[in-house]
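The structure file entry25.tsv is reproduced below (TSV, C-alpha atoms).
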```tsv
chain	number	residue	atom	x	y	z
P	1	MET	CA	84.96	47.99	103.58
P	2	ASN	CA	87.10	44.88	104.06
P	3	PHE	CA	87.37	42.74	100.92
P	4	ASP	CA	89.86	40.27	102.40
P	5	LEU	CA	88.81	36.62	102.53
P	6	ASN	CA	88.25	35.06	105.92
P	7	GLU	CA	90.06	31.89	106.95
P	8	GLU	CA	87.39	29.50	105.65
P	9	GLN	CA	87.22	31.32	102.34
P	10	ARG	CA	91.00	31.20	101.97
P	11	MET	CA	90.93	27.46	102.64
P	12	LEU	CA	88.24	27.06	99.98
P	13	LYS	CA	90.25	29.10	97.49
P	14	ASP	CA	93.40	27.09	98.17
P	15	ALA	CA	91.53	23.78	97.73
P	16	VAL	CA	89.83	24.79	94.48
P	17	ASP	CA	92.95	26.37	93.01
P	18	ARG	CA	94.95	23.24	93.86
P	19	LEU	CA	92.33	21.00	92.25
P	20	VAL	CA	92.34	23.03	89.04
P	21	LEU	CA	96.13	23.19	88.96
P	22	ASP	CA	96.50	19.43	89.48
P	23	GLN	CA	93.64	18.22	87.28
P	24	TYR	CA	93.19	20.81	84.53
P	25	ALA	CA	96.37	21.48	82.65
P	26	PHE	CA	95.72	22.46	79.03
P	27	ASP	CA	96.36	18.96	77.67
P	28	GLN	CA	94.17	17.45	80.39
P	29	ARG	CA	91.34	19.77	79.37
P	30	ALA	CA	91.61	18.50	75.81
P	31	ARG	CA	91.26	14.92	77.08
P	32	CYS	CA	88.21	15.89	79.15
P	33	GLN	CA	86.64	17.42	76.07
P	34	ASP	CA	87.07	14.15	74.18
P	35	GLN	CA	85.07	12.18	76.74
P	36	ALA	CA	81.48	11.14	76.04
P	37	ASP	CA	79.88	14.05	77.89
P	38	GLY	CA	82.46	16.58	76.78
P	39	TRP	CA	83.72	16.93	80.38
P	40	SER	CA	85.17	14.79	83.17
P	41	ARG	CA	82.91	12.69	85.40
P	42	PRO	CA	85.83	11.80	87.71
P	43	LEU	CA	86.57	15.49	88.24
P	44	TRP	CA	82.87	16.09	88.96
P	45	ALA	CA	83.11	13.40	91.65
P	46	GLN	CA	86.06	15.28	93.14
P	47	PHE	CA	83.93	18.43	93.16
P	48	ALA	CA	81.38	16.48	95.19
P	49	ASP	CA	84.02	15.07	97.54
P	50	LEU	CA	85.34	18.57	98.26
P	51	GLY	CA	81.82	19.80	99.00
P	52	LEU	CA	81.80	22.26	96.10
P	53	LEU	CA	78.44	21.02	94.80
P	54	GLY	CA	76.84	21.66	98.18
P	55	LEU	CA	78.34	25.09	98.85
P	56	PRO	CA	75.30	27.34	98.28
P	57	PHE	CA	72.66	25.10	99.86
P	58	ALA	CA	71.36	25.45	103.41
P	59	GLU	CA	72.77	23.17	106.07
P	60	GLU	CA	69.32	21.70	106.72
P	61	ASP	CA	69.27	20.63	103.05
P	62	GLY	CA	72.66	18.93	103.36
P	63	GLY	CA	74.72	21.84	102.08
P	64	PHE	CA	77.21	24.22	103.65
P	65	GLY	CA	75.21	27.44	103.74
P	66	ALA	CA	77.83	29.42	101.81
P	67	GLY	CA	77.09	32.67	100.05
P	68	PRO	CA	77.89	34.54	96.82
P	69	VAL	CA	81.52	35.16	97.79
P	70	GLU	CA	82.18	31.42	98.00
P	71	THR	CA	80.50	30.95	94.63
P	72	GLN	CA	82.71	33.71	93.26
P	73	ILE	CA	85.82	31.92	94.52
P	74	VAL	CA	84.81	28.70	92.76
P	75	MET	CA	83.81	30.46	89.54
P	76	GLU	CA	87.09	32.40	89.36
P	77	ALA	CA	88.96	29.10	89.57
P	78	ILE	CA	86.70	27.65	86.87
P	79	GLY	CA	87.54	30.64	84.69
P	80	ARG	CA	91.29	30.31	85.24
P	81	GLY	CA	91.21	26.64	84.30
P	82	LEU	CA	88.60	26.93	81.52
P	83	LEU	CA	86.70	24.06	83.15
P	84	LEU	CA	84.12	22.27	81.02
P	85	GLU	CA	82.04	20.78	83.85
P	86	PRO	CA	78.36	21.79	84.38
P	87	TYR	CA	78.80	23.78	87.61
P	88	LEU	CA	76.90	26.81	86.34
P	89	ALA	CA	74.06	24.73	84.88
P	90	THR	CA	73.58	22.33	87.79
P	91	VAL	CA	74.62	24.23	90.92
P	92	VAL	CA	74.18	27.94	90.19
P	93	LEU	CA	71.17	27.98	87.86
P	94	SER	CA	69.20	24.82	88.62
P	95	GLY	CA	70.30	24.64	92.25
P	96	GLY	CA	69.35	28.28	92.67
P	97	LEU	CA	65.86	27.57	91.35
P	98	LEU	CA	65.48	24.68	93.77
P	99	ARG	CA	66.46	26.94	96.64
P	100	ALA	CA	64.10	29.68	95.50
P	101	ALA	CA	61.03	27.73	94.39
P	102	ALA	CA	61.09	24.06	95.42
P	103	SER	CA	59.12	22.71	98.36
P	104	ASP	CA	60.78	21.05	101.35
P	105	ALA	CA	59.81	17.64	99.95
P	106	GLN	CA	61.24	18.44	96.51
P	107	ARG	CA	64.51	19.68	97.95
P	108	ALA	CA	64.75	16.62	100.20
P	109	GLU	CA	64.30	14.39	97.15
P	110	LEU	CA	66.67	16.18	94.77
P	111	LEU	CA	69.43	17.94	96.67
P	112	PRO	CA	71.20	14.94	98.24
P	113	ALA	CA	71.75	13.44	94.79
P	114	LEU	CA	72.83	16.80	93.35
P	115	ILE	CA	75.25	17.49	96.20
P	116	GLY	CA	76.62	13.96	95.90
P	117	GLY	CA	77.34	14.44	92.19
P	118	ASP	CA	74.81	11.85	90.98
P	119	LEU	CA	72.12	14.23	89.69
P	120	LEU	CA	72.72	16.66	86.83
P	121	LEU	CA	70.17	19.41	86.19
P	122	ALA	CA	69.72	21.96	83.42
P	123	PHE	CA	67.58	25.10	83.26
P	124	ALA	CA	65.53	25.05	80.06
P	125	HIS	CA	64.33	28.63	79.69
P	126	SER	CA	65.73	30.44	76.63
P	127	GLU	CA	63.65	30.42	73.47
P	128	ALA	CA	64.47	31.40	69.89
P	129	GLN	CA	62.26	34.49	69.81
P	130	ALA	CA	63.10	35.77	73.28
P	131	ARG	CA	66.61	37.19	72.74
P	132	TYR	CA	67.46	38.49	76.24
P	133	HIS	CA	63.88	39.11	77.43
P	134	LEU	CA	63.47	36.87	80.48
P	135	ALA	CA	59.67	36.99	80.49
P	136	ASP	CA	59.35	36.04	76.81
P	137	VAL	CA	58.10	32.46	77.20
P	138	ALA	CA	56.01	30.83	74.47
P	139	THR	CA	56.27	27.25	75.78
P	140	THR	CA	52.89	26.33	77.28
P	141	ALA	CA	51.66	24.13	80.10
P	142	ARG	CA	48.00	23.18	80.50
P	143	GLN	CA	46.39	21.23	83.27
P	144	GLU	CA	45.00	17.86	82.33
P	145	GLY	CA	43.96	14.86	84.43
P	146	GLY	CA	45.54	16.05	87.65
P	147	GLY	CA	48.85	16.85	85.96
P	148	TRP	CA	50.27	19.09	83.26
P	149	VAL	CA	50.99	18.81	79.53
P	150	LEU	CA	53.97	20.82	78.18
P	151	ASN	CA	54.53	21.92	74.59
P	152	GLY	CA	57.25	24.14	73.19
P	153	ALA	CA	60.92	24.47	72.32
P	154	LYS	CA	63.91	25.66	74.31
P	155	ARG	CA	67.21	26.82	72.84
P	156	PHE	CA	70.78	26.97	74.15
P	157	VAL	CA	70.13	24.96	77.30
P	158	LEU	CA	73.51	24.83	79.04
P	159	HIS	CA	74.60	21.18	79.44
P	160	GLY	CA	71.06	20.15	78.56
P	161	ASP	CA	72.37	17.17	76.60
P	162	CYS	CA	73.72	15.37	79.68
P	163	ALA	CA	71.22	16.47	82.34
P	164	ASN	CA	69.14	13.83	84.13
P	165	LYS	CA	66.32	16.29	84.74
P	166	LEU	CA	65.28	19.61	83.27
P	167	LEU	CA	63.82	22.63	85.02
P	168	VAL	CA	61.46	23.93	82.35
P	169	SER	CA	59.74	27.31	82.31
P	170	ALA	CA	56.31	27.31	80.68
P	171	ARG	CA	53.42	29.71	80.40
P	172	VAL	CA	50.19	28.76	82.14
P	173	SER	CA	48.41	32.08	81.50
P	174	GLY	CA	48.79	35.55	80.02
P	175	ASN	CA	50.47	36.88	76.91
P	176	ARG	CA	53.89	35.84	75.66
P	177	ARG	CA	55.91	38.58	77.40
P	178	ASP	CA	53.89	38.88	80.60
P	179	GLU	CA	55.87	38.39	83.78
P	180	ASP	CA	52.81	36.84	85.43
P	181	GLY	CA	51.73	33.45	84.20
P	182	ILE	CA	55.10	31.63	84.07
P	183	ALA	CA	55.57	28.36	85.95
P	184	LEU	CA	58.49	26.01	86.56
P	185	PHE	CA	58.31	22.25	86.08
P	186	LEU	CA	60.73	19.44	86.84
P	187	VAL	CA	60.84	17.16	83.79
P	188	ASP	CA	62.72	13.90	83.38
P	189	ALA	CA	65.11	14.35	80.43
P	190	THR	CA	64.11	10.92	79.05
P	191	ALA	CA	60.35	11.45	79.39
P	192	ALA	CA	58.10	10.70	76.42
P	193	GLY	CA	57.86	13.73	74.16
P	194	VAL	CA	61.25	15.20	75.15
P	195	SER	CA	63.82	15.37	72.38
P	196	ARG	CA	67.31	16.83	72.75
P	197	ARG	CA	69.88	17.90	70.21
P	198	GLY	CA	73.24	18.42	71.86
P	199	TYR	CA	76.10	20.39	70.34
P	200	LEU	CA	79.43	22.05	71.06
P	201	THR	CA	79.44	25.79	71.62
P	202	GLN	CA	82.28	27.91	70.23
P	203	ASP	CA	84.12	27.73	73.56
P	204	ARG	CA	83.98	23.91	73.50
P	205	LEU	CA	81.35	23.59	76.23
P	206	ARG	CA	78.07	21.76	75.68
P	207	ALA	CA	74.50	22.93	75.18
P	208	ALA	CA	71.30	21.51	73.72
P	209	ASP	CA	68.13	22.50	71.92
P	210	ILE	CA	65.15	20.81	73.53
P	211	THR	CA	61.68	20.15	72.14
P	212	LEU	CA	58.70	19.30	74.33
P	213	ASP	CA	55.86	17.65	72.42
P	214	GLY	CA	52.93	16.77	74.64
P	215	VAL	CA	55.16	16.01	77.63
P	216	ARG	CA	53.06	14.87	80.59
P	217	VAL	CA	54.16	15.50	84.16
P	218	GLY	CA	52.41	14.97	87.45
P	219	ALA	CA	51.21	17.67	89.83
P	220	ALA	CA	54.32	17.10	91.97
P	221	ALA	CA	56.50	18.33	89.08
P	222	LEU	CA	55.37	21.92	89.62
P	223	LEU	CA	57.88	24.06	91.55
P	224	GLY	CA	56.22	26.73	93.64
P	225	GLU	CA	52.96	28.40	92.69
P	226	ALA	CA	51.73	28.09	89.11
P	227	GLY	CA	52.15	31.37	87.24
P	228	LYS	CA	54.38	33.01	89.87
P	229	ALA	CA	57.83	31.80	88.89
P	230	PHE	CA	59.21	34.94	87.25
P	231	GLY	CA	60.59	36.42	90.47
P	232	ALA	CA	62.60	33.27	91.17
P	233	ILE	CA	63.84	33.12	87.57
P	234	GLU	CA	64.94	36.76	87.65
P	235	GLN	CA	66.73	36.29	90.98
P	236	VAL	CA	68.57	33.17	89.83
P	237	VAL	CA	69.62	34.73	86.52
P	238	ASP	CA	71.04	37.69	88.46
P	239	ALA	CA	73.02	35.23	90.59
P	240	ALA	CA	74.22	33.52	87.41
P	241	ILE	CA	75.36	36.87	85.99
P	242	ALA	CA	77.40	37.48	89.14
P	243	ALA	CA	78.89	34.00	88.81
P	244	LEU	CA	79.76	34.58	85.15
P	245	CYS	CA	81.42	37.88	86.04
P	246	ALA	CA	83.63	36.00	88.51
P	247	GLU	CA	84.45	33.34	85.91
P	248	ALA	CA	85.39	36.05	83.43
P	249	VAL	CA	87.75	37.65	85.96
P	250	GLY	CA	89.47	34.30	86.46
P	251	ALA	CA	89.82	33.83	82.70
P	252	MET	CA	91.13	37.37	82.19
P	253	GLU	CA	93.60	36.98	85.04
P	254	GLN	CA	95.04	33.83	83.51
P	255	ALA	CA	95.08	35.24	79.97
P	256	GLN	CA	97.00	38.27	81.20
P	257	ALA	CA	99.48	36.10	83.11
P	258	LEU	CA	100.06	33.82	80.11
P	259	THR	CA	100.60	36.82	77.87
P	260	VAL	CA	103.18	38.37	80.20
P	261	ASP	CA	105.01	35.02	80.33
P	262	TYR	CA	104.99	34.87	76.53
P	263	LEU	CA	106.42	38.40	76.27
P	264	LYS	CA	109.34	37.27	78.43
P	265	VAL	CA	110.31	34.30	76.26
P	266	ARG	CA	109.35	35.31	72.70
P	267	LYS	CA	112.34	36.91	71.00
P	268	GLN	CA	112.54	39.30	68.08
P	269	PHE	CA	115.64	41.12	66.86
P	270	GLY	CA	117.61	39.08	69.38
P	271	VAL	CA	115.76	40.31	72.48
P	272	ALA	CA	112.60	39.35	74.35
P	273	ILE	CA	109.64	41.30	72.95
P	274	GLY	CA	108.65	42.14	76.53
P	275	SER	CA	111.55	44.61	76.55
P	276	PHE	CA	109.68	46.80	74.05
P	277	GLN	CA	107.98	49.63	75.90
P	278	ALA	CA	104.91	49.69	73.66
P	279	LEU	CA	104.17	46.05	74.47
P	280	GLN	CA	104.75	46.69	78.17
P	281	HIS	CA	102.10	49.39	78.00
P	282	LYS	CA	99.65	46.95	76.44
P	283	ALA	CA	100.32	44.40	79.19
P	284	VAL	CA	99.70	47.06	81.85
P	285	ASP	CA	96.46	48.08	80.15
P	286	MET	CA	95.36	44.44	80.27
P	287	LEU	CA	96.08	44.35	84.01
P	288	VAL	CA	94.12	47.56	84.61
P	289	MET	CA	91.09	46.29	82.69
P	290	THR	CA	91.20	43.00	84.60
P	291	GLU	CA	91.26	44.81	87.93
P	292	GLN	CA	88.37	47.04	86.89
P	293	ALA	CA	86.42	43.90	86.04
P	294	ARG	CA	87.36	42.35	89.39
P	295	SER	CA	85.97	45.32	91.31
P	296	MET	CA	82.64	45.09	89.47
P	297	ALA	CA	82.50	41.33	89.94
P	298	LEU	CA	82.89	41.91	93.69
P	299	TYR	CA	80.10	44.48	93.54
P	300	ALA	CA	77.85	42.00	91.72
P	301	SER	CA	78.51	39.36	94.38
P	302	MET	CA	77.67	41.85	97.13
P	303	MET	CA	74.34	42.64	95.46
P	304	VAL	CA	73.19	39.09	94.66
P	305	ASN	CA	71.01	38.86	97.77
P	306	ASP	CA	69.65	42.41	97.62
P	307	PRO	CA	65.88	42.13	98.21
P	308	ASP	CA	65.07	44.97	95.79
P	309	PRO	CA	64.88	43.51	92.24
P	310	LEU	CA	65.53	46.91	90.65
P	311	GLU	CA	68.65	47.60	92.72
P	312	ARG	CA	69.89	44.09	92.02
P	313	ARG	CA	69.24	44.42	88.29
P	314	ARG	CA	71.11	47.73	88.14
P	315	ALA	CA	74.11	46.17	89.83
P	316	MET	CA	74.17	43.15	87.51
P	317	SER	CA	73.81	45.30	84.40
P	318	ALA	CA	76.63	47.61	85.50
P	319	ALA	CA	78.87	44.65	86.27
P	320	LYS	CA	78.05	42.94	82.97
P	321	VAL	CA	78.87	46.11	81.02
P	322	GLN	CA	82.31	46.40	82.60
P	323	ILE	CA	82.96	42.68	82.32
P	324	GLY	CA	82.04	42.73	78.64
P	325	ARG	CA	84.32	45.67	77.88
P	326	SER	CA	87.21	44.26	79.89
P	327	ALA	CA	86.83	40.76	78.48
P	328	ARG	CA	86.89	41.97	74.91
P	329	PHE	CA	89.91	44.21	75.48
P	330	VAL	CA	91.96	41.66	77.42
P	331	SER	CA	91.26	38.78	75.05
P	332	GLN	CA	91.95	40.81	71.92
P	333	GLN	CA	95.19	42.21	73.31
P	334	ALA	CA	96.27	38.75	74.43
P	335	VAL	CA	95.79	37.33	70.96
P	336	GLN	CA	97.47	40.30	69.30
P	337	LEU	CA	100.51	40.08	71.56
P	338	HIS	CA	100.82	36.35	70.84
P	339	GLY	CA	100.61	36.96	67.12
P	340	GLY	CA	99.25	34.39	64.68
P	341	ILE	CA	99.78	31.49	67.07
P	342	GLY	CA	97.19	33.05	69.39
P	343	VAL	CA	94.27	31.87	67.26
P	344	THR	CA	95.46	28.30	66.77
P	345	GLU	CA	93.84	25.30	68.44
P	346	GLU	CA	97.12	24.41	70.13
P	347	CYS	CA	97.48	27.75	71.93
P	348	GLN	CA	95.65	28.36	75.21
P	349	ILE	CA	95.03	32.04	74.53
P	350	GLY	CA	92.62	31.36	71.69
P	351	HIS	CA	90.51	29.22	74.03
P	352	TYR	CA	90.39	31.99	76.63
P	353	MET	CA	89.25	34.40	73.94
P	354	ARG	CA	86.45	32.04	72.91
P	355	ARG	CA	85.23	31.59	76.46
P	356	LEU	CA	85.38	35.30	77.23
P	357	SER	CA	83.43	36.00	74.05
P	358	MET	CA	80.72	33.59	75.17
P	359	LEU	CA	80.62	35.08	78.66
P	360	GLU	CA	80.03	38.53	77.20
P	361	PHE	CA	76.89	37.34	75.40
P	362	MET	CA	75.38	35.03	78.01
P	363	PHE	CA	72.32	36.50	79.78
P	364	GLY	CA	72.62	39.74	77.86
P	365	ASP	CA	75.50	41.29	75.95
P	366	THR	CA	77.18	44.61	76.73
P	367	ASP	CA	74.82	46.69	74.60
P	368	HIS	CA	71.76	45.05	76.13
P	369	HIS	CA	72.86	45.73	79.70
P	370	LEU	CA	74.02	49.26	78.91
P	371	ALA	CA	70.56	50.02	77.52
P	372	GLN	CA	68.94	48.32	80.53
P	373	LEU	CA	71.05	50.37	82.91
P	374	ALA	CA	70.07	53.56	81.10
P	375	ARG	CA	66.37	52.67	81.32
P	376	ASP	CA	66.77	52.03	85.06
P	377	GLY	CA	68.44	55.37	85.67
P	378	GLY	CA	72.00	54.15	86.12
P	379	LEU	CA	73.97	53.47	89.29
P	380	ILE	CA	74.13	57.15	90.26
P	381	ALA	CA	70.33	57.32	90.38
P	382	ALA	CA	70.27	54.09	92.33
P	383	HIS	CA	72.47	55.50	95.11
P	384	ALA	CA	71.27	59.11	95.04
```
Re-express the file's structure as structure tokens.
Amino acid sequence: MNFDLNEEQRMLKDAVDRLVLDQYAFDQRARCQDQADGWSRPLWAQFADLGLLGLPFAEEDGGFGAGPVETQIVMEAIGRGLLLEPYLATVVLSGGLLRAAASDAQRAELLPALIGGDLLLAFAHSEAQARYHLADVATTARQEGGGWVLNGAKRFVLHGDCANKLLVSARVSGNRRDEDGIALFLVDATAAGVSRRGYLTQDRLRAADITLDGVRVGAAALLGEAGKAFGAIEQVVDAAIAALCAEAVGAMEQAQALTVDYLKVRKQFGVAIGSFQALQHKAVDMLVMTEQARSMALYASMMVNDPDPLERRRAMSAAKVQIGRSARFVSQQAVQLHGGIGVTEECQIGHYMRRLSMLEFMFGDTDHHLAQLARDGGLIAAHA
């Protein structure tokens, strides 16, 4: 199988890598973090100008009709630069839900503004009691007066503090963990009854806890069929896992490169510490683990559009297990080889470790996905 990028994909990679290199040096990232939203609006506008916000959307919706490989290219660059911007929240998660569940009229209303960089979306799904169980939704929606009334609380909504609109999952029927009975609603972030508490995550990105207290939305706010949203949610979360795997590979690649550079210039006993064979072995082990993660990230991207939910879930769990193991190893070795400076705020490596730690836990940690893969019979059973 040929894993080489085609000409258009190479052009995309060159453009994104150049943007990150020019606009996201370590000191520039710190300045972006200090801005009101915790990220750079001007850089987001450049994302729009380059067409990155429209990559995964169909051409008839104003996008470019790109696939998972193009998303992987962008997410790897985001990982290398430790970008703070809400690409995952707005384009991958929320945009994926619009593609999967929104009507033609809803997409026509929302996507031009999203692709142009004017509309920020956030997927409000996680709840305190749910852990990693996607179907565990206690937030409720009841029909009233031709519309819906939403009540509940969402936790760790990625970039939910700056979003213009929220895509909210709510239960319209069934028990709390039933896959049937979940619906998706488009809610204005400033609507009456919506309260948001934004905060910094450990990797210096932004998230929010959101409370919905008697929030009223019209019938047009419903995405797709009431009670049948779980399939779309599961599919989009799988796509997000593949995107996170790609971001982790980019972060590991850069952490490994920075560590090798440090070994060449840091001196002890009058020589560069990179001349010590034991440290060379550690650097090689970091490279091997990064390449193992890269192969599984490619596999995850290949399986994003698999029509069989079980096959797709197996692939994402397997990829997430390897990514988690590689991310932990690479980040810990990078910090160890840098010594005490590696955990300081002024050193890039500590920031890569924080982000890789977050990526391991998002949408299921290593233990969760290993158990899930075991319950599903593993990859060998999947391809037997």
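Atom pair atom CA of Ala189 of chain P / atom CA of Leu158 of chain P: separated by 13.5 Å.
Interatomic distance, atom CA of Leu134 of chain P to atom CA of Asp367 of chain P: 16.1 Å.
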Name the residues in contact with segment 250-266 of chain P at a cut-off of 9 Å, using all atoms listed in the file, excluding same-chain residues fewer than 6 positions from it; report them as a PDB file with C-alpha atoms, in the coordinates of the input.
```pdb
ATOM      1  CA  MET P  75      83.810  30.460  89.540  1.00  0.00           C
ATOM      2  CA  GLU P  76      87.090  32.400  89.360  1.00  0.00           C
ATOM      3  CA  ALA P  77      88.960  29.100  89.570  1.00  0.00           C
ATOM      4  CA  ILE P  78      86.700  27.650  86.870  1.00  0.00           C
ATOM      5  CA  GLY P  79      87.540  30.640  84.690  1.00  0.00           C
ATOM      6  CA  ARG P  80      91.290  30.310  85.240  1.00  0.00           C
ATOM      7  CA  GLY P  81      91.210  26.640  84.300  1.00  0.00           C
ATOM      8  CA  LEU P  82      88.600  26.930  81.520  1.00  0.00           C
ATOM      9  CA  ALA P 272     112.600  39.350  74.350  1.00  0.00           C
ATOM     10  CA  ILE P 273     109.640  41.300  72.950  1.00  0.00           C
ATOM     11  CA  GLY P 274     108.650  42.140  76.530  1.00  0.00           C
ATOM     12  CA  SER P 275     111.550  44.610  76.550  1.00  0.00           C
ATOM     13  CA  LEU P 279     104.170  46.050  74.470  1.00  0.00           C
ATOM     14  CA  GLN P 280     104.750  46.690  78.170  1.00  0.00           C
ATOM     15  CA  ALA P 283     100.320  44.400  79.190  1.00  0.00           C
ATOM     16  CA  MET P 286      95.360  44.440  80.270  1.00  0.00           C
ATOM     17  CA  LEU P 287      96.080  44.350  84.010  1.00  0.00           C
ATOM     18  CA  MET P 289      91.090  46.290  82.690  1.00  0.00           C
ATOM     19  CA  THR P 290      91.200  43.000  84.600  1.00  0.00           C
ATOM     20  CA  GLU P 291      91.260  44.810  87.930  1.00  0.00           C
ATOM     21  CA  ALA P 293      86.420  43.900  86.040  1.00  0.00           C
ATOM     22  CA  ARG P 294      87.360  42.350  89.390  1.00  0.00           C
ATOM     23  CA  SER P 326      87.210  44.260  79.890  1.00  0.00           C
ATOM     24  CA  ALA P 327      86.830  40.760  78.480  1.00  0.00           C
ATOM     25  CA  VAL P 330      91.960  41.660  77.420  1.00  0.00           C
ATOM     26  CA  SER P 331      91.260  38.780  75.050  1.00  0.00           C
ATOM     27  CA  GLN P 333      95.190  42.210  73.310  1.00  0.00           C
ATOM     28  CA  ALA P 334      96.270  38.750  74.430  1.00  0.00           C
ATOM     29  CA  VAL P 335      95.790  37.330  70.960  1.00  0.00           C
ATOM     30  CA  LEU P 337     100.510  40.080  71.560  1.00  0.00           C
ATOM     31  CA  HIS P 338     100.820  36.350  70.840  1.00  0.00           C
ATOM     32  CA  GLN P 348      95.650  28.360  75.210  1.00  0.00           C
ATOM     33  CA  ILE P 349      95.030  32.040  74.530  1.00  0.00           C
ATOM     34  CA  TYR P 352      90.390  31.990  76.630  1.00  0.00           C
ATOM     35  CA  MET P 353      89.250  34.400  73.940  1.00  0.00           C
ATOM     36  CA  ARG P 355      85.230  31.590  76.460  1.00  0.00           C
ATOM     37  CA  LEU P 356      85.380  35.300  77.230  1.00  0.00           C
TER      38      LEU P 356
END
```
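Contact shell of Gly181 of chain P at 8 Å (all atoms listed in the file; same-chain neighbours under 4 positions omitted): P:Arg171, P:Val172, P:Ser173, P:Gly174, P:Ala226, P:Gly227, P:Lys228, P:Ala229.
You will find atom CA of Ile115 of chain P at 6.3 Å from atom CA of Ala48 of chain P.
Distances to Ala153 of chain P were evaluated for P:Ile341, P:Cys245, P:Ala170, P:Ala300 using all atoms listed in the file, and the minimum falls at P:Ala170.
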Surrounding residues of Glu60 of chain P excluding itself and chain neighbours under 6 positions, 12 Å, only C-alpha atoms, as a PyMOL selection string: chain P and resi 54+99+104+107-108+111-112
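Using only C-alpha atoms for every distance, the candidate list P:Gly324, P:Gly96, P:Gly147, P:Gly117 yields P:Gly117 as the residue closest to Ala45 of chain P.
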Kindly indicate which residue among P:Glu109, P:Asp203, P:Asp209, P:Asp376 lies nearest to Ala128 of chain P, using only C-alpha atoms for the distances. P:Asp209
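Among P:Ile73, P:Leu186, P:Cys32, P:Leu43, the residue with the shortest atom-to-atom distance to Asp17 of chain P, counting all atoms listed in the file, is P:Ile73.
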For Val69 of chain P, please output as a PyMOL selection string all residues within 12 Å (counting only C-alpha atoms; exclusion window: fewer than 4 positions along the same chain). chain P and resi 3-6+8-10+12-13+55-56+65+73-76+239+242-243+246+297-305
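Using all atoms listed in the file, the shortest contact distance between Arg206 of chain P and any of P:Phe47, P:Trp39, P:Phe26, P:Phe363 is found at P:Trp39.
Using all atoms listed in the file, the set of residues no farther than 12 Å from the position (49.8, 16.9, 94.4) comprises Ser103, Ala105, Gln106, Gly145, Gly146, Gly147, Trp148, Val217, Gly218, Ala219, Ala220, Ala221, Leu222, Leu223 and Gly224 of chain P.
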Counting only C-alpha atoms, which residues come within 12 Å of (73.3, 43.3, 77.5), with the point read in the file's coordinates, and could you list them as JSON, numbers by chain? {"P": [131, 132, 133, 241, 313, 314, 316, 317, 318, 319, 320, 321, 322, 323, 324, 325, 359, 360, 361, 362, 363, 364, 365, 366, 367, 368, 369, 370, 371, 372, 373, 374]}
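Proximity to Gln35 of chain P was assessed for P:Val92, P:Leu244, P:Val20, P:Leu84 counting all atoms listed in the file; the smallest distance is recorded for P:Leu84.
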